[in-house]
file entry18.cif (mmCIF, C-alpha atoms)
data_data
#
loop_
_atom_site.label_atom_id
_atom_site.label_comp_id
_atom_site.auth_asym_id
_atom_site.auth_seq_id
_atom_site.Cartn_x
_atom_site.Cartn_y
_atom_site.Cartn_z
CA GLN G 1 56.86 97.79 139.09
CA MET G 2 60.48 97.30 140.23
CA SER G 3 59.97 99.80 143.03
CA LYS G 4 56.95 97.84 144.23
CA LEU G 5 58.96 94.61 144.17
CA LEU G 6 61.76 96.12 146.26
CA THR G 7 59.23 97.55 148.72
CA GLN G 8 57.67 94.11 149.13
CA MET G 9 61.08 92.62 149.79
CA ARG G 10 61.90 95.28 152.37
CA GLU G 11 58.62 94.66 154.19
CA HIS G 12 59.20 90.90 154.22
CA LEU G 13 62.76 91.27 155.55
CA ARG G 14 61.48 93.52 158.34
CA MET G 15 58.68 91.09 159.17
CA LYS G 16 61.35 88.37 159.53
CA ASN G 17 63.38 90.69 161.82
CA TYR G 18 66.42 90.93 159.56
CA SER G 19 68.79 93.71 160.56
CA TYR G 20 68.72 97.00 158.67
CA ARG G 21 72.25 96.31 157.45
CA THR G 22 71.19 92.94 155.96
CA GLU G 23 68.12 94.58 154.45
CA GLU G 24 70.24 97.15 152.65
CA THR G 25 72.71 94.49 151.47
CA TYR G 26 70.01 92.18 150.09
CA ILE G 27 68.19 95.01 148.34
CA GLY G 28 71.48 96.17 146.86
CA TRP G 29 72.23 92.74 145.38
CA VAL G 30 68.74 92.42 143.90
CA VAL G 31 69.13 95.83 142.23
CA ARG G 32 72.49 94.76 140.77
CA TYR G 33 70.96 91.50 139.54
CA ILE G 34 68.10 93.34 137.80
CA ARG G 35 70.44 95.89 136.22
CA PHE G 36 72.74 93.11 135.00
CA HIS G 37 69.79 91.76 133.03
CA ASN G 38 68.82 95.15 131.59
CA THR G 39 66.06 95.85 134.14
CA GLN G 40 64.02 92.78 133.22
CA HIS G 41 61.59 91.74 135.92
CA PRO G 42 63.02 88.79 137.93
CA LYS G 43 59.86 86.73 137.37
CA ASP G 44 60.69 86.73 133.66
CA LEU G 45 64.21 85.44 134.32
CA THR G 46 65.29 81.84 134.86
CA ALA G 47 67.77 79.84 136.89
CA LYS G 48 70.15 80.18 133.94
CA ASP G 49 70.01 83.96 134.32
CA VAL G 50 70.92 83.62 138.00
CA GLU G 51 73.84 81.38 136.98
CA ASP G 52 75.03 84.00 134.49
CA PHE G 53 75.01 86.72 137.17
CA LEU G 54 76.91 84.60 139.71
CA THR G 55 79.42 83.53 137.05
CA HIS G 56 79.93 87.20 136.16
CA LEU G 57 80.76 87.92 139.81
CA ALA G 58 83.21 85.00 139.97
CA LYS G 59 85.00 86.11 136.80
CA ASN G 60 85.39 89.58 138.28
CA ASN G 61 87.26 88.18 141.29
CA VAL G 62 84.47 88.70 143.79
CA ALA G 63 85.28 86.96 147.09
CA PRO G 64 83.48 83.63 147.69
CA SER G 65 81.69 85.01 150.76
CA THR G 66 80.44 87.99 148.74
CA GLN G 67 79.22 85.73 145.95
CA ASN G 68 77.39 83.59 148.50
CA GLN G 69 75.81 86.72 149.95
CA ALA G 70 74.55 87.73 146.49
CA PHE G 71 73.20 84.22 145.91
CA SER G 72 71.36 84.28 149.26
CA ALA G 73 69.76 87.63 148.44
CA ILE G 74 68.53 86.41 145.03
CA LEU G 75 67.22 83.14 146.48
CA TYR G 76 65.36 85.13 149.15
CA LEU G 77 63.73 87.24 146.46
CA TYR G 78 62.56 84.27 144.42
CA LYS G 79 61.42 82.09 147.31
CA ASN G 80 59.79 84.62 149.63
CA ILE G 81 58.60 87.40 147.32
CA LEU G 82 57.99 85.74 143.95
CA GLY G 83 57.11 82.28 145.31
CA ILE G 84 59.52 80.57 142.89
CA GLU G 85 61.87 77.74 143.93
CA LEU G 86 65.15 77.92 142.03
CA THR G 87 66.87 74.56 141.60
CA GLY G 88 69.83 73.12 139.72
CA ILE G 89 71.88 76.31 139.63
CA ASN G 90 75.35 75.43 138.38
CA ALA G 91 77.23 78.73 138.20
CA LEU G 92 80.96 79.17 138.15
CA ARG G 93 81.72 79.83 141.82
CA ALA G 94 84.58 81.85 143.22
CA ARG G 95 87.20 79.57 144.72
CA GLU G 96 87.40 79.44 148.49
CA ARG G 97 90.83 80.43 149.74
CA THR G 98 92.32 79.43 153.05
CA ARG G 99 93.58 82.59 154.67
CA LEU G 100 95.38 82.84 157.98
CA PRO G 101 94.14 85.82 159.98
CA HIS G 102 96.50 88.64 160.84
CA VAL G 103 97.42 88.50 164.53
CA LEU G 104 99.14 91.06 166.73
CA SER G 105 101.69 90.13 169.34
CA HIS G 106 100.59 90.90 172.89
CA ASP G 107 103.11 93.77 173.07
CA ASP G 108 101.87 95.32 169.82
CA ALA G 109 98.22 95.03 170.89
CA LEU G 110 99.03 96.87 174.12
CA LYS G 111 101.07 99.50 172.26
CA VAL G 112 98.01 100.41 170.17
CA ILE G 113 95.64 100.34 173.13
CA ASN G 114 97.93 102.49 175.27
CA ASP G 115 97.98 105.15 172.56
CA MET G 116 94.19 105.45 172.82
CA SER G 117 91.94 107.20 175.32
CA GLY G 118 88.32 107.58 176.34
CA ASP G 119 85.50 105.38 175.12
CA THR G 120 87.34 104.13 172.03
CA LYS G 121 90.12 102.78 174.27
CA LEU G 122 87.56 100.92 176.38
CA MET G 123 85.93 99.51 173.24
CA THR G 124 89.28 98.28 171.94
CA GLN G 125 90.06 96.71 175.30
CA LEU G 126 86.78 94.79 174.99
CA LEU G 127 87.67 93.64 171.47
CA TYR G 128 91.01 92.31 172.70
CA GLY G 129 89.90 91.18 176.16
CA SER G 130 86.66 89.44 175.19
CA GLY G 131 87.00 88.56 171.49
CA LEU G 132 84.10 90.72 170.35
CA ARG G 133 83.41 91.69 166.76
CA LEU G 134 83.21 95.41 166.05
CA MET G 135 79.41 95.65 165.86
CA GLU G 136 78.93 93.22 168.75
CA CYS G 137 80.86 95.66 170.92
CA LEU G 138 78.94 98.72 169.75
CA ARG G 139 75.57 97.03 170.21
CA LEU G 140 76.17 96.07 173.85
CA ARG G 141 73.49 97.21 176.29
CA VAL G 142 73.90 97.94 180.00
CA LYS G 143 72.16 94.67 180.90
CA ASP G 144 74.64 92.66 178.80
CA ILE G 145 77.47 93.23 181.32
CA ASP G 146 77.19 90.51 183.97
CA PHE G 147 79.58 91.47 186.74
CA ALA G 148 78.37 88.69 189.07
CA HIS G 149 79.38 85.90 186.67
CA LYS G 150 82.14 87.86 184.90
CA LYS G 151 80.43 87.40 181.55
CA ILE G 152 79.51 89.59 178.61
CA ILE G 153 76.33 88.55 176.82
CA VAL G 154 76.45 88.99 173.05
CA ARG G 155 72.92 89.16 171.65
CA GLU G 156 72.08 88.53 168.01
CA GLY G 157 75.70 88.00 167.02
CA LYS G 158 76.77 86.54 163.69
CA GLY G 159 74.18 84.01 162.54
CA ASP G 160 71.62 85.71 164.84
CA LYS G 161 72.97 83.72 167.79
CA ASP G 162 73.34 84.75 171.42
CA ARG G 163 76.43 83.73 173.37
CA ALA G 164 78.41 84.54 176.50
CA THR G 165 82.07 85.48 176.52
CA ILE G 166 84.56 86.38 179.22
CA LEU G 167 84.56 89.71 181.08
CA PRO G 168 88.22 90.54 181.87
CA ASP G 169 88.94 91.30 185.53
CA ALA G 170 91.08 94.21 184.37
CA LEU G 171 88.01 95.99 182.94
CA VAL G 172 85.56 95.57 185.84
CA SER G 173 86.46 98.82 187.60
CA ARG G 174 86.71 100.76 184.32
CA LEU G 175 83.31 99.51 183.15
CA LYS G 176 81.65 100.44 186.45
CA ASP G 177 83.06 103.96 186.16
CA HIS G 178 81.86 104.13 182.55
CA LEU G 179 78.35 103.08 183.58
CA GLN G 180 78.25 105.88 186.13
CA HIS G 181 79.30 108.31 183.39
CA ILE G 182 76.59 107.31 180.89
CA LYS G 183 73.95 107.10 183.66
CA ALA G 184 73.72 110.89 183.58
CA LEU G 185 72.92 110.81 179.84
CA HIS G 186 70.26 108.15 180.43
CA GLU G 187 68.65 110.21 183.18
CA TYR G 188 68.59 113.22 180.87
CA ASP G 189 66.90 111.15 178.13
CA VAL G 190 64.24 109.92 180.55
CA LYS G 191 63.63 113.47 181.75
CA VAL G 192 63.11 114.95 178.27
CA GLY G 193 61.33 111.91 176.80
CA ASN G 194 64.06 110.53 174.55
CA ARG G 195 64.03 106.80 173.84
CA VAL G 196 66.78 104.36 172.93
CA SER G 197 66.44 102.30 169.75
CA LEU G 198 65.35 98.71 170.37
CA PRO G 199 65.63 95.51 168.30
CA ASN G 200 62.74 93.67 166.68
CA ALA G 201 60.07 96.27 167.47
CA LEU G 202 60.35 95.60 171.21
CA ASP G 203 59.24 99.18 171.87
CA ARG G 204 55.78 98.23 170.60
CA LYS G 205 55.62 95.12 172.77
CA TYR G 206 57.10 96.73 175.89
CA LYS G 207 56.06 100.37 175.91
CA ASN G 208 58.57 101.54 178.51
CA ALA G 209 61.58 99.45 177.43
CA GLY G 210 63.02 102.35 175.43
CA ARG G 211 63.44 104.33 178.66
CA GLU G 212 64.77 101.52 180.86
CA TRP G 213 68.36 101.65 182.10
CA GLY G 214 69.07 98.04 181.16
CA TRP G 215 68.31 98.70 177.48
CA PHE G 216 70.53 101.78 177.29
CA TYR G 217 73.54 101.34 175.00
CA LEU G 218 76.89 100.83 176.71
CA PHE G 219 78.37 103.21 174.13
CA PRO G 220 75.52 105.62 173.29
CA ALA G 221 75.80 108.17 170.51
CA PRO G 222 76.18 111.75 171.77
CA SER G 223 73.12 112.90 169.81
CA LEU G 224 69.85 111.44 168.58
CA SER G 225 69.51 110.05 165.07
CA THR G 226 66.60 109.25 162.77
CA ASP G 227 65.59 105.61 162.48
CA PRO G 228 65.69 104.89 158.70
CA ARG G 229 62.76 102.48 158.99
CA THR G 230 60.33 104.44 161.16
CA GLY G 231 61.57 108.02 160.82
CA GLU G 232 61.58 108.39 164.64
CA ARG G 233 64.34 110.25 166.47
CA LYS G 234 66.04 107.95 168.99
CA ARG G 235 69.30 107.38 170.83
CA HIS G 236 71.48 104.91 168.92
CA HIS G 237 74.94 103.53 169.64
CA VAL G 238 78.05 105.36 168.43
CA HIS G 239 78.93 104.92 164.77
CA GLU G 240 81.57 102.32 163.95
CA ILE G 241 83.65 104.86 162.03
CA ASN G 242 84.64 106.48 165.34
CA LEU G 243 86.33 103.31 166.59
CA GLN G 244 87.83 102.45 163.21
CA ARG G 245 89.46 105.87 162.92
CA ALA G 246 90.70 105.84 166.52
CA ILE G 247 92.36 102.44 166.07
CA LYS G 248 93.93 103.50 162.77
CA ALA G 249 95.34 106.68 164.34
CA ALA G 250 96.68 104.84 167.41
CA ALA G 251 98.30 102.16 165.24
CA ALA G 252 100.05 104.86 163.20
CA THR G 253 101.35 106.53 166.36
CA ALA G 254 102.50 103.19 167.79
CA LYS G 255 104.03 102.24 164.42
CA VAL G 256 102.16 98.93 164.31
CA GLN G 257 101.17 97.72 160.84
CA ASN G 258 97.93 96.15 159.54
CA VAL G 259 95.68 96.94 162.50
CA SER G 260 91.88 96.92 162.34
CA PRO G 261 89.17 96.29 164.94
CA HIS G 262 88.81 92.66 163.83
CA VAL G 263 92.54 91.99 164.27
CA PHE G 264 92.04 92.38 168.04
CA ARG G 265 89.49 89.54 167.98
CA HIS G 266 92.01 87.27 166.23
CA SER G 267 94.69 88.35 168.68
CA PHE G 268 92.38 87.53 171.62
CA ALA G 269 91.93 83.97 170.38
CA THR G 270 95.64 83.44 169.81
CA ARG G 271 96.56 84.82 173.23
CA VAL G 272 94.01 82.58 175.00
CA LEU G 273 95.52 79.51 173.38
CA GLU G 274 99.07 80.66 174.10
CA LYS G 275 98.34 80.95 177.82
CA ALA G 276 96.35 77.71 178.12
CA LYS G 277 98.05 74.61 179.56
CA ASN G 278 95.34 72.31 178.18
CA LYS G 279 95.02 73.30 174.53
CA ILE G 280 92.11 70.93 173.82
CA ALA G 281 89.99 72.29 176.67
CA ALA G 282 90.96 75.83 175.72
CA LEU G 283 89.88 75.27 172.11
CA GLN G 284 86.43 74.14 173.20
CA GLN G 285 86.05 77.11 175.55
CA LEU G 286 87.32 79.49 172.89
CA LYS G 287 84.83 78.11 170.38
CA GLU G 288 81.99 79.14 172.73
CA TRP G 289 83.47 82.56 173.47
CA MET G 290 84.03 83.29 169.79
CA GLY G 291 80.63 81.98 168.68
CA HIS G 292 82.04 79.58 166.06
CA ASN G 293 79.81 76.89 164.58
CA SER G 294 82.66 74.43 164.25
CA ILE G 295 85.81 73.66 166.23
CA GLN G 296 87.64 73.60 162.87
CA THR G 297 87.15 77.35 162.63
CA THR G 298 88.72 77.84 166.06
CA GLN G 299 91.64 75.53 165.30
CA ILE G 300 93.06 77.98 162.76
CA TYR G 301 94.55 79.95 165.68
CA LEU G 302 96.77 76.98 166.53
CA HIS G 303 98.91 78.06 163.57
CA PHE G 304 100.23 80.94 165.68
CA ILE G 305 101.16 78.93 168.77
CA GLU G 306 104.82 78.25 169.33
CA SER G 307 105.88 74.64 168.80
CA ASP G 308 108.67 72.52 170.26
CA VAL G 309 109.42 71.29 166.74
CA ALA G 310 112.34 73.21 165.23
CA SER G 311 113.58 73.72 161.69
CA PRO G 312 116.50 71.44 160.73
CA LEU G 313 118.42 74.59 159.78
CA ASP G 314 118.37 75.58 163.46
CA ASP G 315 119.92 72.30 164.59
#
call {"tool": "encode", "arguments": {"input": "entry18.cif", "output": "structure tokens"}}
result
Amino acid sequence: QMSKLLTQMREHLRMKNYSYRTEETYIGWVVRYIRFHNTQHPKDLTAKDVEDFLTHLAKNNVAPSTQNQAFSAILYLYKNILGIELTGINALRARERTRLPHVLSHDDALKVINDMSGDTKLMTQLLYGSGLRLMECLRLRVKDIDFAHKKIIVREGKGDKDRATILPDALVSRLKDHLQHIKALHEYDVKVGNRVSLPNALDRKYKNAGREWGWFYLFPAPSLSTDPRTGERKRHHVHEINLQRAIKAAAATAKVQNVSPHVFRHSFATRVLEKAKNKIAALQQLKEWMGHNSIQTTQIYLHFIESDVASPLDD
């Protein structure tokens, strides 16, 4: 009976075009919720039982964002699969903490990048030069690079939103060379009948899209992989672990501490504001490039900008 419930939830998430990563996360939280209540069926549980589970997470120092993710998964189950509206949930919630992001100096960012090579170096340059998130970079398609308008189009970013960000002049020539390099792999795939994986079942709507150059990944995996949903063998993008390991190794060589792919995104935002003469205009532009819902989110990077105000101890 539990297996049937989870299958129903998977099918509903796929019908709503949720990503495979979100599907796995939501299913994982529902399984944990059921196990917490000794495998009782969720329809036999109440809002109080949901409260108890969320309170348990809070008491075990689960991050607020993680607790919210668990809550969203459970609400999805009740509303969309069981047809039950949960109201009045008053669980102990993990306390939100204001954290300043870790930011690299421009010199340190370049030290790490210069100790890299090949595709992972180009990916890292895009993280730092365009403010991309890790998976946004890996999911780029050939058609998402707009050389004419010097833009990079990010599709289905965080919050399932599309946006445009800046394409650095310094990467135009390198990207054109890279496209020529992967063109040979695309031509091979077309010749032997391989297809690239597509979002939202587009391959059923547009039969030839999986072979089109524009849909080819900017950073394709060297070999085919099995789609976990359909079982079909297709060309996917490279796995994120490749970039994570390359950045970690380069940071160790360059002797730069606390470096991760996401740190380059924070460093991009800080550097843009540092260089801008009009900080207010730059904040608004940066908000669009970063894909933030609120300007308050973007303003956090102002903490890293040098100020004319000095400490009295320096007087």
call {"tool": "residues_around", "arguments": {"input": "entry18.cif", "residues": "stretch 260-274 of chain G", "least_positions_apart": "4", "cutoff": "9 Å", "atoms": "all atoms listed in the file", "output": "PyMOL selection string"}}
result
chain G and resi 101-106+109+124-125+127-134+243-244+247-248+251+278-279+282-283+286+290+298+301-306
call {"tool": "resolve_selection", "arguments": {"input": "entry18.cif", "expression": "the PyMOL selection byres ((chain G and resi 256) around 9)", "output": "PyMOL selection string"}}
result
chain G and resi 104+108-109+111-112+250-255+257-259
call {"tool": "residues_around", "arguments": {"input": "entry18.cif", "residues": "G:Ala73", "least_positions_apart": "5", "cutoff": "8 Å", "atoms": "all atoms listed in the file", "output": "ChimeraX atom specification"}}
result
/G:26-27,29-30
call {"tool": "residues_around", "arguments": {"input": "entry18.cif", "residues": "G:Asp119", "least_positions_apart": "4", "cutoff": "12 Å", "atoms": "only C-alpha atoms", "output": "count of residues only"}}
result
24
call {"tool": "atom_distance", "arguments": {"input": "entry18.cif", "atom1": "atom CA of G:Lys287", "atom2": "atom CA of G:Gln299"}}
result
8.9 Å
call {"tool": "closest_residue", "arguments": {"input": "entry18.cif", "among": "G:Lys121, G:Arg21, G:Lys176, G:Arg235", "to": "G:Tyr188", "atoms": "only C-alpha atoms"}}
result
G:Arg235
call {"tool": "atom_distance", "arguments": {"input": "entry18.cif", "atom1": "atom CA of G:Asn80", "atom2": "atom CA of G:Lys16"}}
result
10.7 Å
call {"tool": "atom_distance", "arguments": {"input": "entry18.cif", "atom1": "atom CA of G:Met9", "atom2": "atom CA of G:Leu57"}}
result
22.6 Å
call {"tool": "residues_around", "arguments": {"input": "entry18.cif", "residues": "G:Glu288", "least_positions_apart": "6", "cutoff": "8 Å", "atoms": "all atoms listed in the file", "output": "list of chain:residue names"}}
result
G:Arg163, G:Ala164, G:Thr165
call {"tool": "closest_residue", "arguments": {"input": "entry18.cif", "among": "G:Asp160, G:Glu51, G:Asp169, G:Glu232", "to": "G:Leu86", "atoms": "only C-alpha atoms"}}
result
G:Glu51
call {"tool": "residues_around", "arguments": {"input": "entry18.cif", "residues": "G:Gln180", "least_positions_apart": "6", "cutoff": "12 Å", "atoms": "only C-alpha atoms", "output": "list in words"}}
result
Val142, Ser173, Arg174, His186, Glu187, Trp213 and Leu218 of chain G
call {"tool": "closest_residue", "arguments": {"input": "entry18.cif", "among": "G:Ile145, G:Ala70, G:Val154, G:Ala170", "to": "G:Trp289", "atoms": "all atoms listed in the file"}}
result
G:Val154
call {"tool": "closest_residue", "arguments": {"input": "entry18.cif", "among": "G:Lys275, G:Arg245, G:Lys150, G:Arg14", "to": "G:Pro199", "atoms": "all atoms listed in the file"}}
result
G:Arg14
call {"tool": "resolve_selection", "arguments": {"input": "entry18.cif", "expression": "the PyMOL selection byres ((chain G and resi 88) around 10)", "output": "mmCIF file with C-alpha atoms, keeping the file's coordinate frame"}}
result
data_model
loop_
_atom_site.group_PDB
_atom_site.id
_atom_site.type_symbol
_atom_site.label_atom_id
_atom_site.label_comp_id
_atom_site.auth_asym_id
_atom_site.auth_seq_id
_atom_site.Cartn_x
_atom_site.Cartn_y
_atom_site.Cartn_z
ATOM 1 C CA ALA G 47 67.770 79.840 136.890
ATOM 2 C CA LYS G 48 70.150 80.180 133.940
ATOM 3 C CA GLU G 51 73.840 81.380 136.980
ATOM 4 C CA LEU G 86 65.150 77.920 142.030
ATOM 5 C CA THR G 87 66.870 74.560 141.600
ATOM 6 C CA ILE G 89 71.880 76.310 139.630
ATOM 7 C CA ASN G 90 75.350 75.430 138.380
ATOM 8 C CA ALA G 91 77.230 78.730 138.200
#
call {"tool": "closest_residue", "arguments": {"input": "entry18.cif", "among": "G:Met2, G:Ala249, G:Met135, G:Leu54", "to": "G:Ile74", "atoms": "all atoms listed in the file"}}
result
G:Leu54
call {"tool": "closest_residue", "arguments": {"input": "entry18.cif", "among": "G:Arg229, G:Gly291, G:Phe216, G:His149", "to": "G:Glu136", "atoms": "all atoms listed in the file"}}
result
G:Gly291
call {"tool": "decode", "arguments": {"input": "entry18.cif", "residues": "stretch 15-31 of chain G", "atoms": "N, CA, C and O atoms", "output": "tab-separated table (two decimals), in the first residue's frame"}}
result
chain	number	residue	atom	x	y	z
G	15	MET	N	3.87	14.47	-13.88
G	15	MET	CA	2.82	15.13	-14.65
G	15	MET	C	2.91	16.65	-14.52
G	15	MET	O	2.65	17.39	-15.45
G	16	LYS	N	3.35	17.11	-13.33
G	16	LYS	CA	3.50	18.55	-13.07
G	16	LYS	C	4.88	19.07	-13.48
G	16	LYS	O	5.20	20.23	-13.22
G	17	ASN	N	5.65	18.21	-14.14
G	17	ASN	CA	6.97	18.59	-14.68
G	17	ASN	C	7.98	19.01	-13.62
G	17	ASN	O	8.85	19.86	-13.86
G	18	TYR	N	7.89	18.41	-12.43
G	18	TYR	CA	8.92	18.64	-11.43
G	18	TYR	C	10.20	17.94	-11.87
G	18	TYR	O	10.15	16.89	-12.54
G	19	SER	N	11.34	18.49	-11.51
G	19	SER	CA	12.61	17.88	-11.89
G	19	SER	C	12.78	16.54	-11.18
G	19	SER	O	12.18	16.29	-10.13
G	20	TYR	N	13.65	15.70	-11.75
G	20	TYR	CA	13.91	14.39	-11.14
G	20	TYR	C	14.52	14.56	-9.76
G	20	TYR	O	14.24	13.81	-8.83
G	21	ARG	N	15.35	15.59	-9.60
G	21	ARG	CA	15.99	15.86	-8.32
G	21	ARG	C	14.95	16.20	-7.26
G	21	ARG	O	15.00	15.72	-6.13
G	22	THR	N	13.97	17.04	-7.62
G	22	THR	CA	12.89	17.40	-6.69
G	22	THR	C	12.03	16.19	-6.37
G	22	THR	O	11.62	15.97	-5.22
G	23	GLU	N	11.79	15.38	-7.39
G	23	GLU	CA	11.00	14.15	-7.20
G	23	GLU	C	11.65	13.26	-6.15
G	23	GLU	O	10.98	12.79	-5.21
G	24	GLU	N	12.94	13.04	-6.29
G	24	GLU	CA	13.65	12.18	-5.34
G	24	GLU	C	13.65	12.79	-3.93
G	24	GLU	O	13.49	12.07	-2.94
G	25	THR	N	13.80	14.10	-3.85
G	25	THR	CA	13.81	14.78	-2.54
G	25	THR	C	12.46	14.66	-1.86
G	25	THR	O	12.38	14.32	-0.66
G	26	TYR	N	11.37	14.93	-2.59
G	26	TYR	CA	10.03	14.86	-2.01
G	26	TYR	C	9.68	13.44	-1.57
G	26	TYR	O	9.13	13.24	-0.48
G	27	ILE	N	10.01	12.47	-2.41
G	27	ILE	CA	9.73	11.08	-2.05
G	27	ILE	C	10.52	10.70	-0.80
G	27	ILE	O	10.02	10.03	0.11
G	28	GLY	N	11.77	11.15	-0.74
G	28	GLY	CA	12.60	10.86	0.42
G	28	GLY	C	12.02	11.40	1.71
G	28	GLY	O	12.03	10.72	2.75
G	29	TRP	N	11.48	12.62	1.68
G	29	TRP	CA	10.89	13.20	2.88
G	29	TRP	C	9.60	12.48	3.29
G	29	TRP	O	9.34	12.29	4.48
G	30	VAL	N	8.81	12.07	2.33
G	30	VAL	CA	7.58	11.35	2.65
G	30	VAL	C	7.91	10.01	3.30
G	30	VAL	O	7.27	9.59	4.27
G	31	VAL	N	8.95	9.33	2.79
G	31	VAL	CA	9.37	8.06	3.39
G	31	VAL	C	9.82	8.27	4.83
G	31	VAL	O	9.46	7.51	5.74
